[in-house]
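Structure file target06.txt; described as compact mmCIF, C-alpha atoms.
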# COMPACT_ATOMS: atom_id res chain seq x y z
CA MET A 7 -151.99 84.22 39.19
CA LYS A 8 -150.00 84.39 42.40
CA LEU A 9 -146.90 86.57 42.67
CA TYR A 10 -144.45 85.64 45.40
CA GLY A 11 -142.37 88.73 46.07
CA TYR A 12 -141.00 91.13 48.62
CA TRP A 13 -141.58 94.86 48.73
CA ARG A 14 -137.90 95.82 48.52
CA SER A 15 -136.75 93.17 46.03
CA SER A 16 -135.77 94.88 42.76
CA ALA A 17 -136.60 91.75 40.77
CA ALA A 18 -140.12 91.51 42.25
CA TYR A 19 -140.54 95.26 41.70
CA ARG A 20 -139.81 94.73 37.98
CA VAL A 21 -142.56 92.13 37.67
CA ARG A 22 -145.04 94.34 39.53
CA ILE A 23 -144.44 97.18 37.05
CA ALA A 24 -144.84 94.84 34.07
CA MET A 25 -148.12 93.43 35.41
CA ASN A 26 -149.46 96.90 36.16
CA LEU A 27 -148.56 98.15 32.67
CA LYS A 28 -150.56 95.24 31.28
CA SER A 29 -153.41 95.66 33.82
CA LEU A 30 -152.84 92.10 35.05
CA VAL A 31 -153.80 91.28 38.62
CA ALA A 32 -152.11 88.67 40.80
CA GLU A 33 -152.56 87.70 44.40
CA GLN A 34 -149.47 89.09 46.15
CA ILE A 35 -147.73 86.74 48.56
CA SER A 36 -144.92 88.18 50.64
CA VAL A 37 -141.71 86.21 51.16
CA HIS A 38 -139.75 88.02 53.85
CA LEU A 39 -136.13 88.02 52.68
CA VAL A 40 -134.60 88.91 56.04
CA LYS A 41 -136.80 87.60 58.90
CA ASP A 42 -135.70 84.27 60.43
CA GLY A 43 -132.70 84.04 58.08
CA GLY A 44 -134.95 84.57 55.05
CA GLU A 45 -138.26 82.86 54.24
CA GLN A 46 -136.98 82.22 50.72
CA HIS A 47 -134.71 79.52 52.16
CA GLN A 48 -137.53 77.61 53.85
CA ASP A 49 -138.51 74.17 52.47
CA GLU A 50 -141.95 75.24 51.33
CA TYR A 51 -140.63 78.08 49.18
CA GLN A 52 -137.69 76.05 47.86
CA GLN A 53 -140.17 73.60 46.33
CA LEU A 54 -141.54 76.52 44.34
CA ASN A 55 -138.21 78.13 43.51
CA ALA A 56 -135.06 76.01 43.57
CA GLN A 57 -132.95 79.17 43.49
CA GLU A 58 -134.52 80.44 46.71
CA LEU A 59 -135.09 83.82 45.10
CA VAL A 60 -138.08 86.08 44.57
CA PRO A 61 -140.08 86.59 42.47
CA SER A 62 -141.97 83.44 41.49
CA LEU A 63 -145.15 83.71 39.47
CA VAL A 64 -147.63 80.84 39.71
CA ILE A 65 -149.86 80.61 36.65
CA GLU A 66 -152.37 78.22 35.20
CA ASP A 67 -151.27 76.69 31.90
CA ASN A 68 -153.60 74.19 30.21
CA GLY A 69 -155.35 73.56 33.53
CA GLN A 70 -152.05 72.90 35.36
CA GLN A 71 -150.40 75.08 38.00
CA ARG A 72 -146.97 76.12 36.80
CA VAL A 73 -144.23 78.17 38.38
CA LEU A 74 -142.28 80.82 36.49
CA THR A 75 -138.99 82.13 37.89
CA GLN A 76 -136.39 84.79 37.00
CA SER A 77 -137.93 88.23 36.57
CA LEU A 78 -136.88 88.75 32.94
CA ALA A 79 -138.16 85.31 31.90
CA ILE A 80 -141.45 86.05 33.69
CA ILE A 81 -141.83 89.42 31.97
CA GLU A 82 -141.02 88.00 28.52
CA TYR A 83 -143.66 85.30 29.17
CA LEU A 84 -146.27 87.88 30.15
CA ASP A 85 -145.42 89.97 27.10
CA GLU A 86 -145.95 87.00 24.80
CA VAL A 87 -149.15 85.70 26.40
CA TYR A 88 -150.69 89.15 27.03
CA PRO A 89 -149.46 91.17 24.05
CA LYS A 90 -151.53 94.29 24.85
CA ALA A 91 -149.31 97.14 26.08
CA ALA A 92 -146.22 95.55 24.50
CA LEU A 93 -143.05 95.81 26.55
CA LEU A 94 -140.71 95.37 23.58
CA PRO A 95 -140.66 97.25 20.26
CA ASN A 96 -141.51 95.33 17.09
CA ALA A 97 -138.35 95.53 15.01
CA PRO A 98 -135.69 92.93 15.92
CA PHE A 99 -132.89 95.50 16.11
CA ASP A 100 -134.93 97.85 18.33
CA LYS A 101 -135.86 94.89 20.51
CA SER A 102 -132.18 94.05 20.95
CA ILE A 103 -131.45 97.61 22.08
CA VAL A 104 -134.17 97.45 24.73
CA ARG A 105 -133.04 94.01 25.90
CA ALA A 106 -129.42 95.18 26.03
CA MET A 107 -130.38 98.13 28.25
CA ALA A 108 -132.43 95.84 30.50
CA LEU A 109 -129.53 93.37 30.69
CA THR A 110 -127.11 96.17 31.58
CA VAL A 111 -129.12 96.48 34.78
CA ALA A 112 -129.97 92.80 35.22
CA CYS A 113 -126.53 91.33 34.45
CA GLU A 114 -124.02 94.09 35.18
CA ILE A 115 -125.42 96.02 38.14
CA HIS A 116 -128.06 94.21 40.14
CA PRO A 117 -126.31 90.79 40.58
CA LEU A 118 -123.36 92.47 42.27
CA ASN A 119 -125.45 94.44 44.69
CA ASN A 120 -128.31 92.28 45.86
CA LEU A 121 -128.87 91.13 49.41
CA LYS A 122 -127.02 87.81 49.23
CA VAL A 123 -123.88 89.41 47.80
CA LEU A 124 -123.77 92.23 50.35
CA GLN A 125 -124.31 89.62 53.08
CA TYR A 126 -121.42 87.53 51.74
CA LEU A 127 -119.09 90.54 51.62
CA ALA A 128 -119.84 91.31 55.26
CA SER A 129 -119.93 87.81 56.74
CA GLU A 130 -117.39 85.83 54.69
CA LEU A 131 -114.95 88.50 53.60
CA ASP A 132 -115.31 90.69 56.64
CA ILE A 133 -115.46 93.83 54.51
CA ALA A 134 -115.94 97.10 56.39
CA ASP A 135 -119.20 98.99 55.81
CA GLU A 136 -117.32 101.74 54.02
CA SER A 137 -115.78 99.33 51.50
CA LYS A 138 -119.14 97.62 51.05
CA THR A 139 -120.70 100.95 50.12
CA ALA A 140 -117.79 101.68 47.76
CA TRP A 141 -118.35 98.25 46.14
CA TYR A 142 -122.05 99.01 45.74
CA HIS A 143 -121.43 102.44 44.25
CA HIS A 144 -118.68 101.19 41.93
CA TRP A 145 -120.89 98.74 40.03
CA VAL A 146 -123.89 101.06 39.84
CA LYS A 147 -121.71 103.92 38.59
CA GLU A 148 -120.10 101.74 35.93
CA GLY A 149 -123.49 100.46 34.73
CA PHE A 150 -125.25 103.84 34.87
CA THR A 151 -122.39 105.51 32.98
CA ALA A 152 -122.79 103.02 30.12
CA LEU A 153 -126.58 103.25 30.26
CA GLU A 154 -126.47 107.03 30.18
CA LYS A 155 -124.67 106.85 26.79
CA GLN A 156 -127.18 104.34 25.44
CA LEU A 157 -130.06 106.55 26.59
CA ALA A 158 -128.55 109.64 24.97
CA GLN A 159 -128.89 107.73 21.69
CA HIS A 160 -132.21 105.94 22.07
CA SER A 161 -134.40 107.55 24.72
CA GLY A 162 -137.52 109.65 24.35
CA LEU A 163 -139.85 110.09 27.28
CA PHE A 164 -138.83 106.55 28.25
CA CYS A 165 -135.61 104.55 27.78
CA PHE A 166 -136.53 103.66 24.22
CA GLY A 167 -138.79 106.16 22.51
CA ASP A 168 -142.02 107.34 24.08
CA SER A 169 -143.52 104.12 25.48
CA PRO A 170 -142.47 102.13 28.52
CA THR A 171 -140.48 98.97 27.81
CA LEU A 172 -138.56 96.24 29.59
CA ALA A 173 -135.69 98.74 29.90
CA ASP A 174 -137.72 101.15 32.07
CA ILE A 175 -139.01 98.20 34.07
CA CYS A 176 -135.41 97.35 35.00
CA LEU A 177 -134.17 100.92 35.36
CA VAL A 178 -136.69 102.30 37.87
CA PRO A 179 -136.11 99.66 40.59
CA GLN A 180 -132.35 100.07 40.13
CA VAL A 181 -132.60 103.85 40.63
CA TYR A 182 -134.77 103.27 43.71
CA ASN A 183 -132.08 100.96 45.05
CA ALA A 184 -129.22 103.32 44.20
CA LYS A 185 -130.94 106.16 46.05
CA ARG A 186 -131.42 103.90 49.06
CA PHE A 187 -127.65 103.44 49.04
CA LYS A 188 -127.17 107.20 48.66
CA LEU A 189 -125.47 107.17 45.28
CA ASP A 190 -124.82 110.63 43.87
CA MET A 191 -127.26 110.66 40.92
CA ARG A 192 -126.15 114.00 39.47
CA PRO A 193 -123.96 112.52 36.69
CA TYR A 194 -126.96 110.77 35.08
CA PRO A 195 -129.36 113.37 33.63
CA ASN A 196 -131.06 110.99 31.20
CA ILE A 197 -131.59 108.34 33.86
CA ASN A 198 -133.01 110.95 36.25
CA ARG A 199 -135.30 112.42 33.62
CA ILE A 200 -136.68 109.02 32.56
CA ASN A 201 -137.02 107.78 36.13
CA ALA A 202 -138.98 110.93 37.06
CA HIS A 203 -141.23 110.54 34.05
CA CYS A 204 -141.90 106.85 34.82
CA LEU A 205 -142.86 107.79 38.35
CA THR A 206 -145.66 110.02 37.05
CA GLN A 207 -147.34 106.89 35.60
CA GLN A 208 -149.85 104.97 37.72
CA ALA A 209 -148.39 101.55 36.77
CA PHE A 210 -145.02 102.59 38.16
CA ILE A 211 -146.48 104.38 41.21
CA ASP A 212 -148.51 101.34 42.25
CA ALA A 213 -145.39 99.16 42.08
CA ILE A 214 -143.24 101.33 44.40
CA PRO A 215 -141.95 99.28 47.37
CA GLU A 216 -143.49 101.59 49.97
CA ASN A 217 -146.89 101.12 48.32
CA GLN A 218 -146.89 97.35 48.94
CA LEU A 219 -148.84 95.69 51.71
CA ASP A 220 -145.72 94.05 53.18
CA ALA A 221 -143.72 97.31 53.34
CA SER A 222 -142.42 97.99 56.82
CA MET B 25 -121.39 90.35 10.32
CA LYS B 26 -118.43 91.09 12.54
CA LEU B 27 -118.15 89.53 15.99
CA TYR B 28 -115.86 91.33 18.44
CA GLY B 29 -114.92 88.79 21.09
CA TYR B 30 -112.17 87.16 23.07
CA TRP B 31 -111.38 83.45 23.19
CA ARG B 32 -111.86 83.09 26.95
CA SER B 33 -114.85 85.42 27.40
CA SER B 34 -117.88 83.34 28.42
CA ALA B 35 -120.24 85.87 26.89
CA ALA B 36 -118.45 85.79 23.52
CA TYR B 37 -118.32 81.98 23.73
CA ARG B 38 -122.14 81.94 24.06
CA VAL B 39 -122.58 83.96 20.86
CA ARG B 40 -120.12 81.73 18.98
CA ILE B 41 -122.15 78.64 19.90
CA ALA B 42 -125.41 80.31 18.85
CA MET B 43 -123.97 81.37 15.48
CA ASN B 44 -122.53 77.91 14.86
CA LEU B 45 -125.85 76.22 15.68
CA LYS B 46 -127.46 78.48 13.07
CA SER B 47 -124.60 78.07 10.57
CA LEU B 48 -124.03 81.82 10.59
CA VAL B 49 -120.58 83.10 9.77
CA ALA B 50 -119.06 86.32 11.12
CA GLU B 51 -115.64 87.84 10.79
CA GLN B 52 -114.03 87.30 14.20
CA ILE B 53 -112.25 90.29 15.68
CA SER B 54 -110.27 89.74 18.86
CA VAL B 55 -110.43 92.28 21.69
CA HIS B 56 -107.70 91.32 24.14
CA LEU B 57 -109.25 91.69 27.60
CA VAL B 58 -105.97 91.68 29.53
CA LYS B 59 -103.18 93.12 27.35
CA ASP B 60 -102.33 96.82 27.95
CA GLY B 61 -104.99 97.08 30.66
CA GLY B 62 -107.63 95.67 28.31
CA GLU B 63 -108.32 96.64 24.69
CA GLN B 64 -112.05 96.84 25.58
CA HIS B 65 -111.31 100.08 27.43
CA GLN B 66 -109.66 101.77 24.44
CA ASP B 67 -111.47 104.69 22.76
CA GLU B 68 -112.04 102.88 19.49
CA TYR B 69 -113.83 99.96 21.13
CA GLN B 70 -115.76 102.19 23.54
CA GLN B 71 -117.40 103.87 20.56
CA LEU B 72 -118.72 100.46 19.56
CA ASN B 73 -119.65 99.29 23.05
CA ALA B 74 -120.25 101.88 25.78
CA GLN B 75 -120.06 99.14 28.41
CA GLU B 76 -116.50 98.24 27.35
CA LEU B 77 -117.47 94.57 27.28
CA VAL B 78 -117.29 91.81 24.71
CA PRO B 79 -119.07 90.62 22.68
CA SER B 80 -120.33 93.17 20.18
CA LEU B 81 -121.94 92.02 16.94
CA VAL B 82 -121.89 94.43 14.01
CA ILE B 83 -124.70 93.74 11.56
CA GLU B 84 -126.26 95.36 8.55
CA ASP B 85 -129.87 96.44 9.09
CA ASN B 86 -131.67 98.18 6.23
CA GLY B 87 -128.32 99.08 4.69
CA GLN B 88 -126.99 100.59 7.92
CA GLN B 89 -124.23 99.26 10.13
CA ARG B 90 -125.61 98.59 13.61
CA VAL B 91 -124.01 97.33 16.78
CA LEU B 92 -125.63 94.75 19.03
CA THR B 93 -124.40 94.26 22.58
CA GLN B 94 -125.13 91.97 25.55
CA SER B 95 -124.80 88.30 24.62
CA LEU B 96 -128.38 87.31 25.46
CA ALA B 97 -129.83 90.24 23.50
CA ILE B 98 -127.59 89.31 20.55
CA ILE B 99 -128.69 85.68 20.66
CA GLU B 100 -132.40 86.56 20.92
CA TYR B 101 -131.92 88.86 17.91
CA LEU B 102 -130.24 86.11 15.88
CA ASP B 103 -132.97 83.67 16.85
CA GLU B 104 -135.66 86.04 15.62
CA VAL B 105 -133.96 87.07 12.37
CA TYR B 106 -132.62 83.59 11.53
CA PRO B 107 -135.34 81.28 12.88
CA LYS B 108 -133.83 78.06 11.46
CA ALA B 109 -132.39 75.89 14.26
CA ALA B 110 -134.54 77.65 16.87
CA LEU B 111 -132.81 78.29 20.18
CA LEU B 112 -136.05 78.58 22.17
CA PRO B 113 -139.01 76.16 22.30
CA ASN B 114 -142.36 77.31 20.87
CA ALA B 115 -144.70 77.25 23.85
CA PRO B 116 -144.50 80.37 26.05
CA PHE B 117 -144.22 78.37 29.27
CA ASP B 118 -141.42 76.16 27.87
CA LYS B 119 -139.68 79.27 26.60
CA SER B 120 -139.78 80.78 30.09
CA ILE B 121 -138.17 77.65 31.54
CA VAL B 122 -135.30 77.83 29.05
CA ARG B 123 -134.85 81.56 29.62
CA ALA B 124 -134.91 81.06 33.39
CA MET B 125 -132.14 78.44 33.15
CA ALA B 126 -130.10 80.74 30.91
CA LEU B 127 -130.62 83.64 33.32
CA THR B 128 -129.55 81.49 36.26
CA VAL B 129 -126.15 81.42 34.61
CA ALA B 130 -126.23 84.93 33.14
CA CYS B 131 -127.60 86.79 36.19
CA GLU B 132 -126.70 84.64 39.21
CA ILE B 133 -123.33 83.08 38.42
CA HIS B 134 -121.41 84.79 35.66
CA PRO B 135 -121.72 88.47 36.79
CA LEU B 136 -120.09 87.62 40.11
CA ASN B 137 -117.18 85.79 38.60
CA ASN B 138 -116.07 87.61 35.53
CA LEU B 139 -112.73 89.28 35.04
CA LYS B 140 -113.64 92.78 36.24
CA VAL B 141 -115.13 91.49 39.49
CA LEU B 142 -112.17 89.24 40.30
CA GLN B 143 -109.87 92.17 39.51
CA TYR B 144 -111.83 94.44 41.88
CA LEU B 145 -111.71 91.88 44.70
CA ALA B 146 -107.94 91.65 44.38
CA SER B 147 -107.05 95.29 43.75
CA GLU B 148 -109.66 97.26 45.74
CA LEU B 149 -110.56 94.89 48.55
CA ASP B 150 -107.16 93.25 48.80
CA ILE B 151 -108.74 89.80 49.07
CA ALA B 152 -106.31 86.89 49.34
CA ASP B 153 -106.20 84.41 46.46
CA GLU B 154 -107.71 81.72 48.65
CA SER B 155 -110.75 83.87 49.53
CA LYS B 156 -111.09 84.88 45.89
CA THR B 157 -111.31 81.23 44.89
CA ALA B 158 -113.82 80.58 47.69
CA TRP B 159 -115.89 83.52 46.38
CA TYR B 160 -115.76 82.12 42.86
CA HIS B 161 -116.73 78.61 43.98
CA HIS B 162 -119.50 79.85 46.26
CA TRP B 163 -121.54 81.51 43.49
CA VAL B 164 -121.01 78.75 40.97
CA LYS B 165 -122.00 76.09 43.51
CA GLU B 166 -125.13 78.00 44.49
CA GLY B 167 -126.16 78.47 40.86
CA PHE B 168 -125.26 74.95 39.74
CA THR B 169 -127.16 73.43 42.71
CA ALA B 170 -130.34 75.27 41.64
CA LEU B 171 -129.74 74.46 37.97
CA GLU B 172 -129.21 70.78 38.75
CA LYS B 173 -132.76 70.63 40.20
CA GLN B 174 -134.23 72.44 37.19
CA LEU B 175 -132.42 70.03 34.86
CA ALA B 176 -133.69 66.98 36.77
CA GLN B 177 -137.16 68.17 35.83
CA HIS B 178 -136.73 69.44 32.28
CA SER B 179 -133.62 68.00 30.64
CA GLY B 180 -133.30 65.39 27.93
CA LEU B 181 -130.09 65.12 25.94
CA PHE B 182 -129.85 68.89 26.39
CA CYS B 183 -130.98 71.27 29.15
CA PHE B 184 -134.52 71.34 27.81
CA GLY B 185 -135.53 68.21 25.92
CA ASP B 186 -133.46 66.84 23.07
CA SER B 187 -132.47 69.97 21.15
CA PRO B 188 -129.92 72.62 22.04
CA THR B 189 -131.35 75.88 23.37
CA LEU B 190 -130.26 79.16 24.90
CA ALA B 191 -129.84 77.28 28.19
CA ASP B 192 -127.11 74.99 26.80
CA ILE B 193 -125.50 77.99 25.16
CA CYS B 194 -125.11 79.58 28.61
CA LEU B 195 -124.30 76.39 30.49
CA VAL B 196 -121.34 75.10 28.46
CA PRO B 197 -119.18 78.26 28.79
CA GLN B 198 -119.96 78.38 32.51
CA VAL B 199 -118.83 74.77 32.98
CA TYR B 200 -115.67 75.53 30.99
CA ASN B 201 -115.02 78.44 33.31
CA ALA B 202 -115.77 76.46 36.49
CA LYS B 203 -113.31 73.77 35.44
CA ARG B 204 -110.68 76.41 34.81
CA PHE B 205 -111.17 77.49 38.42
CA LYS B 206 -110.99 73.84 39.54
CA LEU B 207 -114.51 73.55 40.94
CA ASP B 208 -115.38 70.02 42.08
CA MET B 209 -118.00 69.08 39.46
CA ARG B 210 -119.01 65.73 41.04
CA PRO B 211 -122.21 67.07 42.72
CA TYR B 212 -123.73 67.97 39.33
CA PRO B 213 -124.48 64.78 37.33
CA ASN B 214 -127.06 66.39 35.03
CA ILE B 215 -124.83 69.35 34.25
CA ASN B 216 -121.91 67.02 33.52
CA ARG B 217 -124.00 64.75 31.31
CA ILE B 218 -125.45 67.62 29.27
CA ASN B 219 -122.12 69.41 28.99
CA ALA B 220 -120.47 66.21 27.74
CA HIS B 221 -123.25 65.69 25.20
CA CYS B 222 -123.02 69.27 23.94
CA LEU B 223 -119.30 68.85 23.45
CA THR B 224 -119.90 65.97 20.99
CA GLN B 225 -121.65 68.48 18.69
CA GLN B 226 -119.64 70.32 16.05
CA ALA B 227 -121.29 73.70 16.78
CA PHE B 228 -120.10 73.50 20.37
CA ILE B 229 -116.68 72.08 19.52
CA ASP B 230 -115.92 74.86 17.05
CA ALA B 231 -116.80 77.46 19.71
CA ILE B 232 -114.40 76.14 22.40
CA PRO B 233 -111.99 78.89 23.51
CA GLU B 234 -108.88 76.87 22.62
CA ASN B 235 -110.20 76.46 19.07
CA GLN B 236 -110.22 80.22 18.44
CA LEU B 237 -107.57 82.02 16.45
CA ASP B 238 -106.72 84.38 19.33
CA ALA B 239 -106.24 81.57 21.89
CA SER B 240 -102.88 81.74 23.58
Now that the file is in, can you turn its structure into structure tokens?
Amino acid sequence: MKLYGYWRSSAAYRVRIAMNLKSLVAEQISVHLVKDGGEQHQDEYQQLNAQELVPSLVIEDNGQQRVLTQSLAIIEYLDEVYPKAALLPNAPFDKSIVRAMALTVACEIHPLNNLKVLQYLASELDIADESKTAWYHHWVKEGFTALEKQLAQHSGLFCFGDSPTLADICLVPQVYNAKRFKLDMRPYPNINRINAHCLTQQAFIDAIPENQLDAS
Amino acid sequence: MKLYGYWRSSAAYRVRIAMNLKSLVAEQISVHLVKDGGEQHQDEYQQLNAQELVPSLVIEDNGQQRVLTQSLAIIEYLDEVYPKAALLPNAPFDKSIVRAMALTVACEIHPLNNLKVLQYLASELDIADESKTAWYHHWVKEGFTALEKQLAQHSGLFCFGDSPTLADICLVPQVYNAKRFKLDMRPYPNINRINAHCLTQQAFIDAIPENQLDAS
């Protein structure tokens, strides 16, 4: 398998954690999201990923090379094909809780705060840095506040019970990102506790942006 | 089952289509997203849905009332518990393609253009109506352009082959929304063709916002 990613991309970070939890190894190929206007926009990468986003996972399926895109779709694929170290609980209702927590990050927080959106705010809307930071903080706060309530109900050592799931895989990169943008994390004791616990685990440690070969 | 929704919410619209495709019936409860600052922010609804978003699906699970949130998590739950009229193909790779198309809408387009974001742009950033429309169009164009390429490769009568899937369930409400915001749809022949075909199907017709009891 080949994983096209970038050290600081939250979505690539998610897939790295999932693969580590399952002890899956992929060749890591770095797509620099900033250099030369972004390598993800170059023709060669576009052929792989029409959305011009990382990550992309290239796999072999019945002898054919295939490309998987969208981090959550990639992780669900890996969880189905490599069921060991399951990333979702068994019961349908429990599964929906874990997916809902993951989607809180993936649909309500991250899309509003990724590189292309912050670039658009600055270049097209001419938003001052201060307002851009307020924008960033607003959506993370809103999402973390809701997540904090869900965690109070469902968490153990991890977001859902005592094993890592898709929810932790989404949460940890989002916390990393929030800290980079200097969000005050004090109002989120459950998130902090779970994030700290995750970061004692080798699968999570090995996936940290600064531990990637393309970190700079 | 009880479905808390709103006629114009894209996320609620998705769940209505999924339930119709599976011939599942739920009591429909309207949560007015605009009136009195938004009924989704009222205490009673917050207890149901900490994110203060529609939809929420209340189900009975082992004799207990349970609340499901996040449209995609709800639909995956329904697809697992009521497997008839499957909303995902069988093969893991095919499934990942359908999920990736659905997530293109759910993570790349919709989060940037829903009510709370447009409200923030106007109230907090004081963005002019014209720039707000440009913002809206920008993210839909970017997402639809990528989707159009994925559809060229995978679509039949529907987004993936000749049966409706999670991808169509996400696409149709997004097209409805784009038309409401007067996006020029001419560059997207596959999206238009599939959307038109979906809208010949009773499950999709019955889910149209204007066909809901709370439409105004």
With a distance threshold of 9 Å and counting only C-alpha atoms, extract the residues of chain A near chain B and express them as a ChimeraX atom specification.
/A:55-58,67,72,74-80,82-84,86-87,98-99,101-107,109-110,112-118,123,126,130-131,133,137,141,148-149,151-153,155-156
Selection export as a PDB file, in the coordinates of the input, atoms kept: C-alpha atoms:
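Written out: out.pdb:
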ATOM      1  CA  ASN A  55    -138.210  78.130  43.510  1.00  0.00           C
ATOM      2  CA  ALA A  56    -135.060  76.010  43.570  1.00  0.00           C
ATOM      3  CA  GLN A  57    -132.950  79.170  43.490  1.00  0.00           C
ATOM      4  CA  GLU A  58    -134.520  80.440  46.710  1.00  0.00           C
ATOM      5  CA  ASP A  67    -151.270  76.690  31.900  1.00  0.00           C
ATOM      6  CA  ARG A  72    -146.970  76.120  36.800  1.00  0.00           C
ATOM      7  CA  LEU A  74    -142.280  80.820  36.490  1.00  0.00           C
ATOM      8  CA  THR A  75    -138.990  82.130  37.890  1.00  0.00           C
ATOM      9  CA  GLN A  76    -136.390  84.790  37.000  1.00  0.00           C
ATOM     10  CA  SER A  77    -137.930  88.230  36.570  1.00  0.00           C
ATOM     11  CA  LEU A  78    -136.880  88.750  32.940  1.00  0.00           C
ATOM     12  CA  ALA A  79    -138.160  85.310  31.900  1.00  0.00           C
ATOM     13  CA  ILE A  80    -141.450  86.050  33.690  1.00  0.00           C
ATOM     14  CA  GLU A  82    -141.020  88.000  28.520  1.00  0.00           C
ATOM     15  CA  TYR A  83    -143.660  85.300  29.170  1.00  0.00           C
ATOM     16  CA  LEU A  84    -146.270  87.880  30.150  1.00  0.00           C
ATOM     17  CA  GLU A  86    -145.950  87.000  24.800  1.00  0.00           C
ATOM     18  CA  VAL A  87    -149.150  85.700  26.400  1.00  0.00           C
ATOM     19  CA  PRO A  98    -135.690  92.930  15.920  1.00  0.00           C
ATOM     20  CA  PHE A  99    -132.890  95.500  16.110  1.00  0.00           C
ATOM     21  CA  LYS A 101    -135.860  94.890  20.510  1.00  0.00           C
ATOM     22  CA  SER A 102    -132.180  94.050  20.950  1.00  0.00           C
ATOM     23  CA  ILE A 103    -131.450  97.610  22.080  1.00  0.00           C
ATOM     24  CA  VAL A 104    -134.170  97.450  24.730  1.00  0.00           C
ATOM     25  CA  ARG A 105    -133.040  94.010  25.900  1.00  0.00           C
ATOM     26  CA  ALA A 106    -129.420  95.180  26.030  1.00  0.00           C
ATOM     27  CA  MET A 107    -130.380  98.130  28.250  1.00  0.00           C
ATOM     28  CA  LEU A 109    -129.530  93.370  30.690  1.00  0.00           C
ATOM     29  CA  THR A 110    -127.110  96.170  31.580  1.00  0.00           C
ATOM     30  CA  ALA A 112    -129.970  92.800  35.220  1.00  0.00           C
ATOM     31  CA  CYS A 113    -126.530  91.330  34.450  1.00  0.00           C
ATOM     32  CA  GLU A 114    -124.020  94.090  35.180  1.00  0.00           C
ATOM     33  CA  ILE A 115    -125.420  96.020  38.140  1.00  0.00           C
ATOM     34  CA  HIS A 116    -128.060  94.210  40.140  1.00  0.00           C
ATOM     35  CA  PRO A 117    -126.310  90.790  40.580  1.00  0.00           C
ATOM     36  CA  LEU A 118    -123.360  92.470  42.270  1.00  0.00           C
ATOM     37  CA  VAL A 123    -123.880  89.410  47.800  1.00  0.00           C
ATOM     38  CA  TYR A 126    -121.420  87.530  51.740  1.00  0.00           C
ATOM     39  CA  GLU A 130    -117.390  85.830  54.690  1.00  0.00           C
ATOM     40  CA  LEU A 131    -114.950  88.500  53.600  1.00  0.00           C
ATOM     41  CA  ILE A 133    -115.460  93.830  54.510  1.00  0.00           C
ATOM     42  CA  SER A 137    -115.780  99.330  51.500  1.00  0.00           C
ATOM     43  CA  TRP A 141    -118.350  98.250  46.140  1.00  0.00           C
ATOM     44  CA  GLU A 148    -120.100 101.740  35.930  1.00  0.00           C
ATOM     45  CA  GLY A 149    -123.490 100.460  34.730  1.00  0.00           C
ATOM     46  CA  THR A 151    -122.390 105.510  32.980  1.00  0.00           C
ATOM     47  CA  ALA A 152    -122.790 103.020  30.120  1.00  0.00           C
ATOM     48  CA  LEU A 153    -126.580 103.250  30.260  1.00  0.00           C
ATOM     49  CA  LYS A 155    -124.670 106.850  26.790  1.00  0.00           C
ATOM     50  CA  GLN A 156    -127.180 104.340  25.440  1.00  0.00           C
TER      51      GLN A 156
END
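CA of Glu154 (chain B) sits 21.9 Å away from CA of Asp135 (chain A).
Between CA of Tyr10 (chain A) and CA of Pro211 (chain B) the separation is 29.1 Å.
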Region 170-180 of chain A: axis-aligned bounding box, 8 Å on each side, centre and edge lengths in Å, one decimal, as JSON:
{"center_x": -137.4, "center_y": 99.3, "center_z": 34.2, "size_x": 26.1, "size_y": 22.1, "size_z": 28.8}
Counting all atoms listed in the file, which residue out of B:Ser187, B:Gln236, B:Thr157, B:Gln143 sits closest to Leu45 (chain B)?
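That would be B:Ser187, the residue with the smallest distance to Leu45 (chain B).
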Students should find that CA of Cys204 (chain A) and CA of Pro179 (chain A) are spaced 10.9 Å
Leu57 (chain B): which residues within 10 Å, counting all atoms listed in the file, same-chain residues fewer than 4 positions away excluded, as an NGL selection string?
:B and (29-33 or 61-65 or 76-78 or 139-140)
Can you fill out region 198-202 of chain B with N, CA, C and O atoms and hand it back as a short mmCIF file (atom, residue, chain, number, x, y, z; two decimals), keeping the file's coordinate frame?
data_model
loop_
_atom_site.label_atom_id
_atom_site.label_comp_id
_atom_site.auth_asym_id
_atom_site.auth_seq_id
_atom_site.Cartn_x
_atom_site.Cartn_y
_atom_site.Cartn_z
N GLN B 198 -120.09 78.28 31.06
CA GLN B 198 -119.96 78.38 32.51
C GLN B 198 -119.25 77.16 33.08
O GLN B 198 -118.44 77.29 34.01
N VAL B 199 -119.53 75.98 32.53
CA VAL B 199 -118.83 74.77 32.98
C VAL B 199 -117.34 74.87 32.62
O VAL B 199 -116.47 74.53 33.43
N TYR B 200 -117.07 75.33 31.40
CA TYR B 200 -115.67 75.53 30.99
C TYR B 200 -114.94 76.40 32.00
O TYR B 200 -113.83 76.11 32.46
N ASN B 201 -115.60 77.49 32.38
CA ASN B 201 -115.02 78.44 33.31
C ASN B 201 -114.84 77.83 34.70
O ASN B 201 -113.81 78.02 35.36
N ALA B 202 -115.84 77.10 35.16
CA ALA B 202 -115.77 76.46 36.49
C ALA B 202 -114.62 75.48 36.56
O ALA B 202 -113.92 75.37 37.57
#
